$ cat data22.pdb   # PDB, C-alpha atoms
ATOM      1  CA  MET A   1       9.291  14.732   9.724  1.00  0.00           C
ATOM      2  CA  ASN A   2       8.012  17.962   8.182  1.00  0.00           C
ATOM      3  CA  GLY A   3       5.088  18.522   5.860  1.00  0.00           C
ATOM      4  CA  LEU A   4       2.694  16.065   7.507  1.00  0.00           C
ATOM      5  CA  THR A   5       0.736  18.054  10.074  1.00  0.00           C
ATOM      6  CA  GLN A   6      -2.999  18.412   9.417  1.00  0.00           C
ATOM      7  CA  LYS A   7      -2.754  16.740   6.023  1.00  0.00           C
ATOM      8  CA  THR A   8      -5.476  14.491   4.609  1.00  0.00           C
ATOM      9  CA  VAL A   9      -4.383  10.867   4.249  1.00  0.00           C
ATOM     10  CA  VAL A  10      -6.190   8.202   2.211  1.00  0.00           C
ATOM     11  CA  MET A  11      -5.193   4.677   3.246  1.00  0.00           C
ATOM     12  CA  THR A  12      -6.438   1.476   1.632  1.00  0.00           C
ATOM     13  CA  GLY A  13      -6.204  -1.960   3.211  1.00  0.00           C
ATOM     14  CA  ALA A  14      -6.405   0.071   6.390  1.00  0.00           C
ATOM     15  CA  LEU A  15      -6.793  -2.825   8.801  1.00  0.00           C
ATOM     16  CA  GLY A  16      -3.781  -4.802   7.597  1.00  0.00           C
ATOM     17  CA  GLY A  17      -0.594  -5.006   9.635  1.00  0.00           C
ATOM     18  CA  ILE A  18       1.495  -2.553   7.637  1.00  0.00           C
ATOM     19  CA  ALA A  19      -1.435  -0.168   7.215  1.00  0.00           C
ATOM     20  CA  LYS A  20      -2.197  -0.093  10.944  1.00  0.00           C
ATOM     21  CA  ALA A  21       1.440   0.682  11.729  1.00  0.00           C
ATOM     22  CA  THR A  22       1.380   3.446   9.107  1.00  0.00           C
ATOM     23  CA  ILE A  23      -1.815   4.911  10.527  1.00  0.00           C
ATOM     24  CA  LYS A  24      -0.257   5.018  13.990  1.00  0.00           C
ATOM     25  CA  ALA A  25       2.849   6.716  12.559  1.00  0.00           C
ATOM     26  CA  PHE A  26       0.787   9.432  10.850  1.00  0.00           C
ATOM     27  CA  ASP A  27      -1.450   9.820  13.893  1.00  0.00           C
ATOM     28  CA  GLU A  28       1.418  11.625  15.607  1.00  0.00           C
ATOM     29  CA  HIS A  29       0.900  14.532  13.181  1.00  0.00           C
ATOM     30  CA  ASN A  30      -2.779  15.355  13.715  1.00  0.00           C
ATOM     31  CA  VAL A  31      -3.896  14.367  10.224  1.00  0.00           C
ATOM     32  CA  ASN A  32      -7.325  13.642   8.745  1.00  0.00           C
ATOM     33  CA  PHE A  33      -7.701   9.958   7.859  1.00  0.00           C
ATOM     34  CA  ILE A  34      -9.831   8.493   5.088  1.00  0.00           C
ATOM     35  CA  LEU A  35      -9.581   4.760   5.648  1.00  0.00           C
ATOM     36  CA  MET A  36     -10.761   1.957   3.362  1.00  0.00           C
ATOM     37  CA  ASP A  37     -10.841  -1.796   3.668  1.00  0.00           C
ATOM     38  CA  VAL A  38     -12.991  -4.653   2.440  1.00  0.00           C
ATOM     39  CA  VAL A  39     -13.917  -5.680   5.987  1.00  0.00           C
ATOM     40  CA  GLY A  40     -15.998  -3.904   8.603  1.00  0.00           C
ATOM     41  CA  GLU A  41     -14.651  -1.198  10.881  1.00  0.00           C
ATOM     42  CA  ASP A  42     -12.291  -2.237  13.694  1.00  0.00           C
ATOM     43  CA  SER A  43     -13.601   0.100  16.366  1.00  0.00           C
ATOM     44  CA  LYS A  44     -11.127  -1.151  18.988  1.00  0.00           C
ATOM     45  CA  PHE A  45      -8.139  -0.110  16.893  1.00  0.00           C
ATOM     46  CA  LEU A  46      -9.653   3.056  15.468  1.00  0.00           C
ATOM     47  CA  SER A  47     -10.740   4.292  18.891  1.00  0.00           C
ATOM     48  CA  THR A  48      -7.056   4.607  19.843  1.00  0.00           C
ATOM     49  CA  LEU A  49      -6.448   7.302  17.210  1.00  0.00           C
ATOM     50  CA  LYS A  50      -6.067  10.937  18.187  1.00  0.00           C
ATOM     51  CA  SER A  51      -6.654  12.162  14.631  1.00  0.00           C
ATOM     52  CA  PRO A  52     -10.164  12.306  13.132  1.00  0.00           C
ATOM     53  CA  TYR A  53     -11.019   9.544  10.687  1.00  0.00           C
ATOM     54  CA  THR A  54     -13.720   8.417   8.299  1.00  0.00           C
ATOM     55  CA  TYR A  55     -13.938   4.696   7.572  1.00  0.00           C
ATOM     56  CA  PHE A  56     -15.369   3.139   4.418  1.00  0.00           C
ATOM     57  CA  LYS A  57     -16.023  -0.544   3.858  1.00  0.00           C
ATOM     58  CA  CYS A  58     -15.067  -0.757   0.202  1.00  0.00           C
ATOM     59  CA  ASP A  59     -14.245  -3.429  -2.383  1.00  0.00           C
ATOM     60  CA  LEU A  60     -11.172  -1.911  -4.008  1.00  0.00           C
ATOM     61  CA  SER A  61     -11.388  -4.264  -6.956  1.00  0.00           C
ATOM     62  CA  CYS A  62     -14.567  -2.423  -8.005  1.00  0.00           C
ATOM     63  CA  SER A  63     -14.021   0.962  -9.656  1.00  0.00           C
ATOM     64  CA  ASP A  64     -17.612   2.026  -8.953  1.00  0.00           C
ATOM     65  CA  ALA A  65     -17.099   1.440  -5.216  1.00  0.00           C
ATOM     66  CA  ILE A  66     -13.980   3.619  -5.191  1.00  0.00           C
ATOM     67  CA  ASP A  67     -15.766   6.320  -7.166  1.00  0.00           C
ATOM     68  CA  GLN A  68     -18.541   6.303  -4.587  1.00  0.00           C
ATOM     69  CA  VAL A  69     -16.054   6.780  -1.756  1.00  0.00           C
ATOM     70  CA  LYS A  70     -14.351   9.553  -3.706  1.00  0.00           C
ATOM     71  CA  GLY A  71     -17.685  11.352  -4.052  1.00  0.00           C
ATOM     72  CA  GLU A  72     -18.264  11.232  -0.300  1.00  0.00           C
ATOM     73  CA  VAL A  73     -14.711  12.384   0.398  1.00  0.00           C
ATOM     74  CA  GLU A  74     -15.052  15.265  -2.045  1.00  0.00           C
ATOM     75  CA  ALA A  75     -18.128  16.466  -0.173  1.00  0.00           C
ATOM     76  CA  ARG A  76     -16.113  16.711   3.066  1.00  0.00           C
ATOM     77  CA  PHE A  77     -12.607  17.720   2.002  1.00  0.00           C
ATOM     78  CA  LYS A  78     -11.382  20.164  -0.607  1.00  0.00           C
ATOM     79  CA  THR A  79      -8.195  18.223  -1.324  1.00  0.00           C
ATOM     80  CA  VAL A  80      -6.319  15.037  -0.492  1.00  0.00           C
ATOM     81  CA  ASP A  81      -2.606  15.178   0.284  1.00  0.00           C
ATOM     82  CA  PHE A  82      -1.506  11.545   0.444  1.00  0.00           C
ATOM     83  CA  LEU A  83      -2.742   8.335  -1.192  1.00  0.00           C
ATOM     84  CA  ILE A  84      -1.264   5.190   0.363  1.00  0.00           C
ATOM     85  CA  HIS A  85      -2.373   1.950  -1.254  1.00  0.00           C
ATOM     86  CA  ALA A  86      -1.659  -0.907   1.145  1.00  0.00           C
ATOM     87  CA  ALA A  87      -4.412  -3.347   0.143  1.00  0.00           C
ATOM     88  CA  GLY A  88      -3.260  -6.636  -1.332  1.00  0.00           C
ATOM     89  CA  LEU A  89      -3.959 -10.345  -1.791  1.00  0.00           C
ATOM     90  CA  TYR A  90      -1.184 -12.960  -1.519  1.00  0.00           C
ATOM     91  CA  GLN A  91      -2.055 -16.599  -2.175  1.00  0.00           C
ATOM     92  CA  HIS A  92       0.041 -19.705  -2.859  1.00  0.00           C
ATOM     93  CA  ILE A  93      -1.398 -21.219  -6.073  1.00  0.00           C
ATOM     94  CA  GLU A  94       0.624 -23.184  -8.607  1.00  0.00           C
ATOM     95  CA  LEU A  95      -0.044 -22.420 -12.266  1.00  0.00           C
ATOM     96  CA  GLU A  96      -1.917 -25.651 -12.979  1.00  0.00           C
ATOM     97  CA  ASP A  97      -4.368 -24.722 -10.219  1.00  0.00           C
ATOM     98  CA  LEU A  98      -4.537 -21.016 -11.040  1.00  0.00           C
ATOM     99  CA  SER A  99      -7.951 -20.498 -12.618  1.00  0.00           C
ATOM    100  CA  TYR A 100      -8.776 -17.641 -14.945  1.00  0.00           C
ATOM    101  CA  GLU A 101     -11.113 -16.278 -12.276  1.00  0.00           C
ATOM    102  CA  GLU A 102      -8.431 -16.338  -9.586  1.00  0.00           C
ATOM    103  CA  TRP A 103      -5.884 -14.749 -11.928  1.00  0.00           C
ATOM    104  CA  ASN A 104      -8.288 -11.895 -12.657  1.00  0.00           C
ATOM    105  CA  ARG A 105      -9.112 -11.506  -8.963  1.00  0.00           C
ATOM    106  CA  GLN A 106      -5.475 -11.157  -7.934  1.00  0.00           C
ATOM    107  CA  ILE A 107      -4.619  -8.802 -10.783  1.00  0.00           C
ATOM    108  CA  SER A 108      -7.652  -6.684  -9.926  1.00  0.00           C
ATOM    109  CA  ILE A 109      -6.832  -6.351  -6.231  1.00  0.00           C
ATOM    110  CA  ASN A 110      -3.044  -6.114  -6.532  1.00  0.00           C
ATOM    111  CA  LEU A 111      -2.776  -3.910  -9.625  1.00  0.00           C
ATOM    112  CA  ASN A 112      -6.060  -2.588 -11.001  1.00  0.00           C
ATOM    113  CA  ALA A 113      -7.055  -1.174  -7.610  1.00  0.00           C
ATOM    114  CA  ASN A 114      -3.973   1.081  -7.714  1.00  0.00           C
ATOM    115  CA  TYR A 115      -5.152   2.514 -11.015  1.00  0.00           C
ATOM    116  CA  TYR A 116      -8.786   2.831  -9.862  1.00  0.00           C
ATOM    117  CA  LEU A 117      -7.763   4.686  -6.700  1.00  0.00           C
ATOM    118  CA  ILE A 118      -5.390   7.135  -8.404  1.00  0.00           C
ATOM    119  CA  LYS A 119      -7.688   7.722 -11.365  1.00  0.00           C
ATOM    120  CA  SER A 120     -10.690   8.396  -9.139  1.00  0.00           C
ATOM    121  CA  PHE A 121      -8.930  10.662  -6.634  1.00  0.00           C
ATOM    122  CA  LEU A 122      -6.823  12.517  -9.222  1.00  0.00           C
ATOM    123  CA  PRO A 123      -9.027  15.666  -9.223  1.00  0.00           C
ATOM    124  CA  LEU A 124      -8.674  15.926  -5.432  1.00  0.00           C
ATOM    125  CA  LEU A 125      -4.886  15.665  -5.223  1.00  0.00           C
ATOM    126  CA  ALA A 126      -3.395  18.786  -3.674  1.00  0.00           C
ATOM    127  CA  GLU A 127      -0.326  20.661  -4.817  1.00  0.00           C
ATOM    128  CA  GLN A 128       2.771  18.915  -3.422  1.00  0.00           C
ATOM    129  CA  SER A 129       0.756  15.736  -2.818  1.00  0.00           C
ATOM    130  CA  ALA A 130       2.283  12.270  -2.713  1.00  0.00           C
ATOM    131  CA  ILE A 131       1.278   8.717  -3.567  1.00  0.00           C
ATOM    132  CA  VAL A 132       2.893   5.585  -2.141  1.00  0.00           C
ATOM    133  CA  ASN A 133       2.217   2.217  -3.765  1.00  0.00           C
ATOM    134  CA  MET A 134       3.181  -1.161  -2.365  1.00  0.00           C
ATOM    135  CA  SER A 135       5.044  -3.611  -4.568  1.00  0.00           C
ATOM    136  CA  SER A 136       7.040  -6.653  -3.435  1.00  0.00           C
ATOM    137  CA  ILE A 137      10.282  -8.537  -3.974  1.00  0.00           C
ATOM    138  CA  ALA A 138       8.094 -10.839  -6.070  1.00  0.00           C
ATOM    139  CA  GLY A 139       7.511  -8.012  -8.523  1.00  0.00           C
ATOM    140  CA  HIS A 140      11.255  -7.816  -9.166  1.00  0.00           C
ATOM    141  CA  GLN A 141      12.373 -11.439  -9.227  1.00  0.00           C
ATOM    142  CA  GLY A 142       9.171 -13.480  -9.535  1.00  0.00           C
ATOM    143  CA  SER A 143       7.882 -16.029  -7.051  1.00  0.00           C
ATOM    144  CA  ILE A 144       7.051 -19.713  -7.434  1.00  0.00           C
ATOM    145  CA  ALA A 145       3.314 -20.405  -7.101  1.00  0.00           C
ATOM    146  CA  HIS A 146       2.608 -16.669  -6.805  1.00  0.00           C
ATOM    147  CA  THR A 147       2.549 -15.890 -10.521  1.00  0.00           C
ATOM    148  CA  ALA A 148      -0.484 -13.608 -10.493  1.00  0.00           C
ATOM    149  CA  TYR A 149       0.735 -11.739  -7.411  1.00  0.00           C
ATOM    150  CA  ALA A 150       4.245 -11.246  -8.823  1.00  0.00           C
ATOM    151  CA  THR A 151       2.872 -10.117 -12.184  1.00  0.00           C
ATOM    152  CA  ALA A 152       0.604  -7.575 -10.534  1.00  0.00           C
ATOM    153  CA  LYS A 153       3.383  -6.228  -8.329  1.00  0.00           C
ATOM    154  CA  GLY A 154       5.635  -5.847 -11.348  1.00  0.00           C
ATOM    155  CA  GLY A 155       2.837  -3.859 -12.933  1.00  0.00           C
ATOM    156  CA  VAL A 156       2.696  -1.601  -9.881  1.00  0.00           C
ATOM    157  CA  LEU A 157       6.348  -0.692 -10.451  1.00  0.00           C
ATOM    158  CA  ALA A 158       5.674   0.255 -14.081  1.00  0.00           C
ATOM    159  CA  LEU A 159       2.528   2.178 -13.121  1.00  0.00           C
ATOM    160  CA  THR A 160       4.512   4.173 -10.581  1.00  0.00           C
ATOM    161  CA  LYS A 161       7.310   5.047 -13.012  1.00  0.00           C
ATOM    162  CA  SER A 162       4.835   6.137 -15.689  1.00  0.00           C
ATOM    163  CA  LEU A 163       2.715   8.287 -13.388  1.00  0.00           C
ATOM    164  CA  ALA A 164       5.775   9.877 -11.809  1.00  0.00           C
ATOM    165  CA  ILE A 165       6.331  11.548 -15.169  1.00  0.00           C
ATOM    166  CA  GLU A 166       2.693  12.297 -15.908  1.00  0.00           C
ATOM    167  CA  LEU A 167       1.634  13.629 -12.489  1.00  0.00           C
ATOM    168  CA  ALA A 168       4.697  15.806 -11.873  1.00  0.00           C
ATOM    169  CA  PRO A 169       5.227  18.417 -10.616  1.00  0.00           C
ATOM    170  CA  ARG A 170       1.996  18.503  -8.605  1.00  0.00           C
ATOM    171  CA  THR A 171       2.198  14.945  -7.255  1.00  0.00           C
ATOM    172  CA  ARG A 172       5.113  12.691  -6.396  1.00  0.00           C
ATOM    173  CA  ILE A 173       4.622   8.918  -6.603  1.00  0.00           C
ATOM    174  CA  ASN A 174       6.912   6.190  -5.288  1.00  0.00           C
ATOM    175  CA  THR A 175       6.828   2.500  -4.497  1.00  0.00           C
ATOM    176  CA  ILE A 176       7.993   0.403  -1.567  1.00  0.00           C
ATOM    177  CA  SER A 177       8.921  -3.260  -2.004  1.00  0.00           C
ATOM    178  CA  PRO A 178       8.778  -4.966   1.405  1.00  0.00           C
ATOM    179  CA  GLY A 179      10.597  -8.190   2.146  1.00  0.00           C
ATOM    180  CA  LEU A 180       9.582 -10.665   4.827  1.00  0.00           C
ATOM    181  CA  ILE A 181       7.414  -8.620   7.165  1.00  0.00           C
ATOM    182  CA  ASP A 182       5.874 -10.000  10.346  1.00  0.00           C
ATOM    183  CA  THR A 183       2.218  -9.772   9.276  1.00  0.00           C
ATOM    184  CA  ALA A 184      -0.658 -12.170   8.602  1.00  0.00           C
ATOM    185  CA  MET A 185       0.682 -12.669   5.078  1.00  0.00           C
ATOM    186  CA  MET A 186       3.819 -14.334   6.466  1.00  0.00           C
ATOM    187  CA  GLN A 187       1.860 -16.356   8.997  1.00  0.00           C
ATOM    188  CA  GLY A 188       0.219 -18.262   6.149  1.00  0.00           C
ATOM    189  CA  MET A 189       3.598 -19.631   5.077  1.00  0.00           C
ATOM    190  CA  SER A 190       4.912 -22.975   6.337  1.00  0.00           C
ATOM    191  CA  ASP A 191       7.463 -22.836   9.170  1.00  0.00           C
ATOM    192  CA  GLU A 192      10.019 -24.597   6.986  1.00  0.00           C
ATOM    193  CA  LYS A 193       9.730 -22.112   4.143  1.00  0.00           C
ATOM    194  CA  ARG A 194       9.579 -19.089   6.449  1.00  0.00           C
ATOM    195  CA  ASN A 195      12.677 -20.186   8.390  1.00  0.00           C
ATOM    196  CA  ALA A 196      14.573 -20.880   5.169  1.00  0.00           C
ATOM    197  CA  MET A 197      13.777 -17.390   3.889  1.00  0.00           C
ATOM    198  CA  ILE A 198      14.741 -15.772   7.198  1.00  0.00           C
ATOM    199  CA  ASN A 199      18.058 -17.652   7.161  1.00  0.00           C
ATOM    200  CA  SER A 200      18.736 -16.373   3.638  1.00  0.00           C
ATOM    201  CA  THR A 201      18.138 -12.786   4.768  1.00  0.00           C
ATOM    202  CA  PRO A 202      21.374 -11.020   5.776  1.00  0.00           C
ATOM    203  CA  LEU A 203      19.723  -9.404   8.818  1.00  0.00           C
ATOM    204  CA  LYS A 204      18.406 -12.842   9.928  1.00  0.00           C
ATOM    205  CA  ARG A 205      14.959 -11.717  11.021  1.00  0.00           C
ATOM    206  CA  LEU A 206      11.532 -10.661   9.856  1.00  0.00           C
ATOM    207  CA  GLY A 207      10.909  -6.988   9.294  1.00  0.00           C
ATOM    208  CA  GLN A 208       8.348  -5.231  11.452  1.00  0.00           C
ATOM    209  CA  PRO A 209       5.347  -3.323  10.078  1.00  0.00           C
ATOM    210  CA  GLU A 210       6.621  -0.199  11.810  1.00  0.00           C
ATOM    211  CA  GLU A 211       9.793  -0.342   9.707  1.00  0.00           C
ATOM    212  CA  ILE A 212       7.712  -0.114   6.539  1.00  0.00           C
ATOM    213  CA  ALA A 213       5.503   2.583   8.065  1.00  0.00           C
ATOM    214  CA  GLN A 214       8.459   4.874   8.698  1.00  0.00           C
ATOM    215  CA  VAL A 215       9.549   4.640   5.056  1.00  0.00           C
ATOM    216  CA  ILE A 216       6.003   5.397   3.883  1.00  0.00           C
ATOM    217  CA  LYS A 217       5.887   8.412   6.166  1.00  0.00           C
ATOM    218  CA  PHE A 218       9.266   9.610   4.891  1.00  0.00           C
ATOM    219  CA  LEU A 219       8.128   9.369   1.265  1.00  0.00           C
ATOM    220  CA  CYS A 220       5.129  11.560   2.057  1.00  0.00           C
ATOM    221  CA  SER A 221       7.150  14.099   4.031  1.00  0.00           C
ATOM    222  CA  SER A 222       8.993  17.179   2.789  1.00  0.00           C
ATOM    223  CA  GLY A 223      12.203  15.236   3.405  1.00  0.00           C
ATOM    224  CA  ALA A 224      11.434  13.308   0.211  1.00  0.00           C
ATOM    225  CA  SER A 225      10.393  16.368  -1.790  1.00  0.00           C
ATOM    226  CA  TYR A 226      12.833  15.578  -4.633  1.00  0.00           C
ATOM    227  CA  ILE A 227      12.075  11.855  -4.835  1.00  0.00           C
ATOM    228  CA  THR A 228       9.573  10.532  -7.381  1.00  0.00           C
ATOM    229  CA  GLY A 229       9.329   7.487  -9.630  1.00  0.00           C
ATOM    230  CA  GLU A 230      11.509   5.466  -7.277  1.00  0.00           C
ATOM    231  CA  ASN A 231      11.201   2.106  -5.557  1.00  0.00           C
ATOM    232  CA  ILE A 232      12.643   1.520  -2.090  1.00  0.00           C
ATOM    233  CA  HIS A 233      13.453  -2.022  -0.985  1.00  0.00           C
ATOM    234  CA  VAL A 234      12.872  -2.692   2.710  1.00  0.00           C
ATOM    235  CA  ASN A 235      13.871  -6.319   3.017  1.00  0.00           C
ATOM    236  CA  GLY A 236      16.814  -6.822   5.339  1.00  0.00           C
ATOM    237  CA  GLY A 237      19.118  -7.401   2.377  1.00  0.00           C
ATOM    238  CA  LEU A 238      17.150 -10.394   1.009  1.00  0.00           C
ATOM    239  CA  TYR A 239      17.014  -8.841  -2.466  1.00  0.00           C
ATOM    240  CA  ARG A 240      19.485  -6.289  -3.757  1.00  0.00           C
ATOM    241  CA  GLU A 241      19.449  -4.237  -6.950  1.00  0.00           C
TER
END
$ encode --input "data22.pdb" --output "structure tokens"
Amino acid sequence: MNGLTQKTVVMTGALGGIAKATIKAFDEHNVNFILMDVVGEDSKFLSTLKSPYTYFKCDLSCSDAIDQVKGEVEARFKTVDFLIHAAGLYQHIELEDLSYEEWNRQISINLNANYYLIKSFLPLLAEQSAIVNMSSIAGHQGSIAHTAYATAKGGVLALTKSLAIELAPRTRINTISPGLIDTAMMQGMSDEKRNAMINSTPLKRLGQPEEIAQVIKFLCSSGASYITGENIHVNGGLYRE
């Protein structure tokens, strides 16, 4: 894919399954990585990268923390080419057990953090830059006992559509809605529920993180230079619009 070599890539939730696969996909293009996650650095994984990276332990639900990272990035790089927001929190909580505090926590991590990241890094976005947000099937059709998560992911779709208009033509922004992907998020689901969902998927399997990573990379590449404000479903046919 063209338009990726030696670009500067900001990735949140950098140590999650989809994010790691995306980092490895971009690593083929000799980029500069700015990586953020709420946990400490995974030196074993990061040591495998050929591209230079800077890692920040950062609470993405805190706007001040993101602003601090942005200040450090600005001191090292003139511009940022790609923002990829892969951080997220998925928890099974029925409404009667969903506290106000937990609602706010999930909305903050799954929606507000998108806004904080884009708002903070906006002055650094290069010409012909791109942003990729992560939504979910839940953001389109809802999800039992995942009300806060689904609400936040629906908000991500609206945020993306709005900013596609406002940030053009300098920056393109799109969303990916993954289906059942073989990551830690799926491993927390019961075998019965997971198998039932797999059986209802036309392709009869879980998606792999690498399959999401390739779509993210495409949306950042020059091959997607006329695509903005769109959502791409990557779900094996489980949900169709």
$ residues_around --input "data22.pdb" --residues "Tyr90 (chain A)" --least-positions-apart "4" --cutoff "10 Å" --atoms "all atoms listed in the file" --output "PyMOL selection string"
chain A and resi 106+109-110+146+148-150+185-186+188
$ residues_around --input "data22.pdb" --residues "region 111-118 of chain A" --least-positions-apart "3" --cutoff "8 Å" --atoms "only C-alpha atoms" --output "MDAnalysis selection string"
chainID A and resid 60:63 66 83 85 106:108 121:122 133 152:153 155:156 159
$ closest_residue --input "data22.pdb" --among "A:Cys58, A:Ala164, A:Val31, A:Leu238" --to "Leu180 (chain A)" --atoms "only C-alpha atoms"
A:Leu238
$ atom_distance --input "data22.pdb" --atom1 "CA of Phe218 (chain A)" --atom2 "CA of Thr54 (chain A)"
23.3 Å
$ atom_distance --input "data22.pdb" --atom1 "CA of Ile212 (chain A)" --atom2 "CA of Met11 (chain A)"
14.2 Å
$ resolve_selection --input "data22.pdb" --expression "the PyMOL selection byres ((chain A and resi 232) around 9)" --output "MDAnalysis selection string"
chainID A and resid 174:178 215 230:231 233:234
$ closest_residue --input "data22.pdb" --among "A:Ile181, A:Glu210, A:Leu124, A:Leu4" --to "Glu72 (chain A)" --atoms "only C-alpha atoms"
A:Leu124
$ atom_distance --input "data22.pdb" --atom1 "CA of Gly223 (chain A)" --atom2 "CA of His29 (chain A)"
15.0 Å
$ residues_around --input "data22.pdb" --residues "Glu94 (chain A)" --least-positions-apart "2" --cutoff "8 Å" --atoms "all atoms listed in the file" --output "PDB file with C-alpha atoms, in the frame of the given file"
ATOM      1  CA  HIS A  92       0.041 -19.705  -2.859  1.00  0.00           C
ATOM      2  CA  GLU A  96      -1.917 -25.651 -12.979  1.00  0.00           C
ATOM      3  CA  ASP A  97      -4.368 -24.722 -10.219  1.00  0.00           C
ATOM      4  CA  LEU A  98      -4.537 -21.016 -11.040  1.00  0.00           C
ATOM      5  CA  ILE A 144       7.051 -19.713  -7.434  1.00  0.00           C
ATOM      6  CA  ALA A 145       3.314 -20.405  -7.101  1.00  0.00           C
ATOM      7  CA  HIS A 146       2.608 -16.669  -6.805  1.00  0.00           C
ATOM      8  CA  THR A 147       2.549 -15.890 -10.521  1.00  0.00           C
TER       9      THR A 147
END
$ closest_residue --input "data22.pdb" --among "A:Gln208, A:Thr48, A:Ser136, A:Thr12" --to "Ile34 (chain A)" --atoms "all atoms listed in the file"
A:Thr12
$ residues_around --input "data22.pdb" --residues "Leu219 (chain A)" --least-positions-apart "6" --cutoff "9 Å" --atoms "only C-alpha atoms" --output "JSON, numbers by chain"
{"A": [130, 131, 132, 172, 173, 174, 225, 227, 228]}
$ resolve_selection --input "data22.pdb" --expression "the PyMOL selection byres ((chain A and resi 33) around 7)" --output "mmCIF file with C-alpha atoms, in the frame of the given file"
data_model
loop_
_atom_site.group_PDB
_atom_site.id
_atom_site.type_symbol
_atom_site.label_atom_id
_atom_site.label_comp_id
_atom_site.auth_asym_id
_atom_site.auth_seq_id
_atom_site.Cartn_x
_atom_site.Cartn_y
_atom_site.Cartn_z
ATOM 1 C CA THR A 8 -5.476 14.491 4.609
ATOM 2 C CA VAL A 9 -4.383 10.867 4.249
ATOM 3 C CA VAL A 10 -6.190 8.202 2.211
ATOM 4 C CA VAL A 31 -3.896 14.367 10.224
ATOM 5 C CA ASN A 32 -7.325 13.642 8.745
ATOM 6 C CA ILE A 34 -9.831 8.493 5.088
ATOM 7 C CA LEU A 35 -9.581 4.760 5.648
ATOM 8 C CA PRO A 52 -10.164 12.306 13.132
ATOM 9 C CA TYR A 53 -11.019 9.544 10.687
ATOM 10 C CA THR A 54 -13.720 8.417 8.299
#
$ resolve_selection --input "data22.pdb" --expression "the PyMOL selection byres ((chain A and resi 49) around 10)" --output "ChimeraX atom specification"
/A:23-24,26-28,30,33,44-48,50-53
$ closest_residue --input "data22.pdb" --among "A:Ser221, A:Asn199, A:Ser43, A:Thr171" --to "Glu127 (chain A)" --atoms "all atoms listed in the file"
A:Thr171
$ closest_residue --input "data22.pdb" --among "A:Ala75, A:Ile198, A:Leu203, A:Leu89" --to "Arg105 (chain A)" --atoms "all atoms listed in the file"
A:Leu89
$ axis_aligned_box --input "data22.pdb" --around "region 57-67 of chain A" --padding-each-side "8 Å" --output "JSON"
{"center_x": -14.4, "center_y": 1.0, "center_z": -2.9, "size_x": 22.4, "size_y": 26.6, "size_z": 29.5}
$ closest_residue --input "data22.pdb" --among "A:Pro123, A:Phe77, A:Ala21, A:Ala87" --to "Val39 (chain A)" --atoms "all atoms listed in the file"
A:Ala87
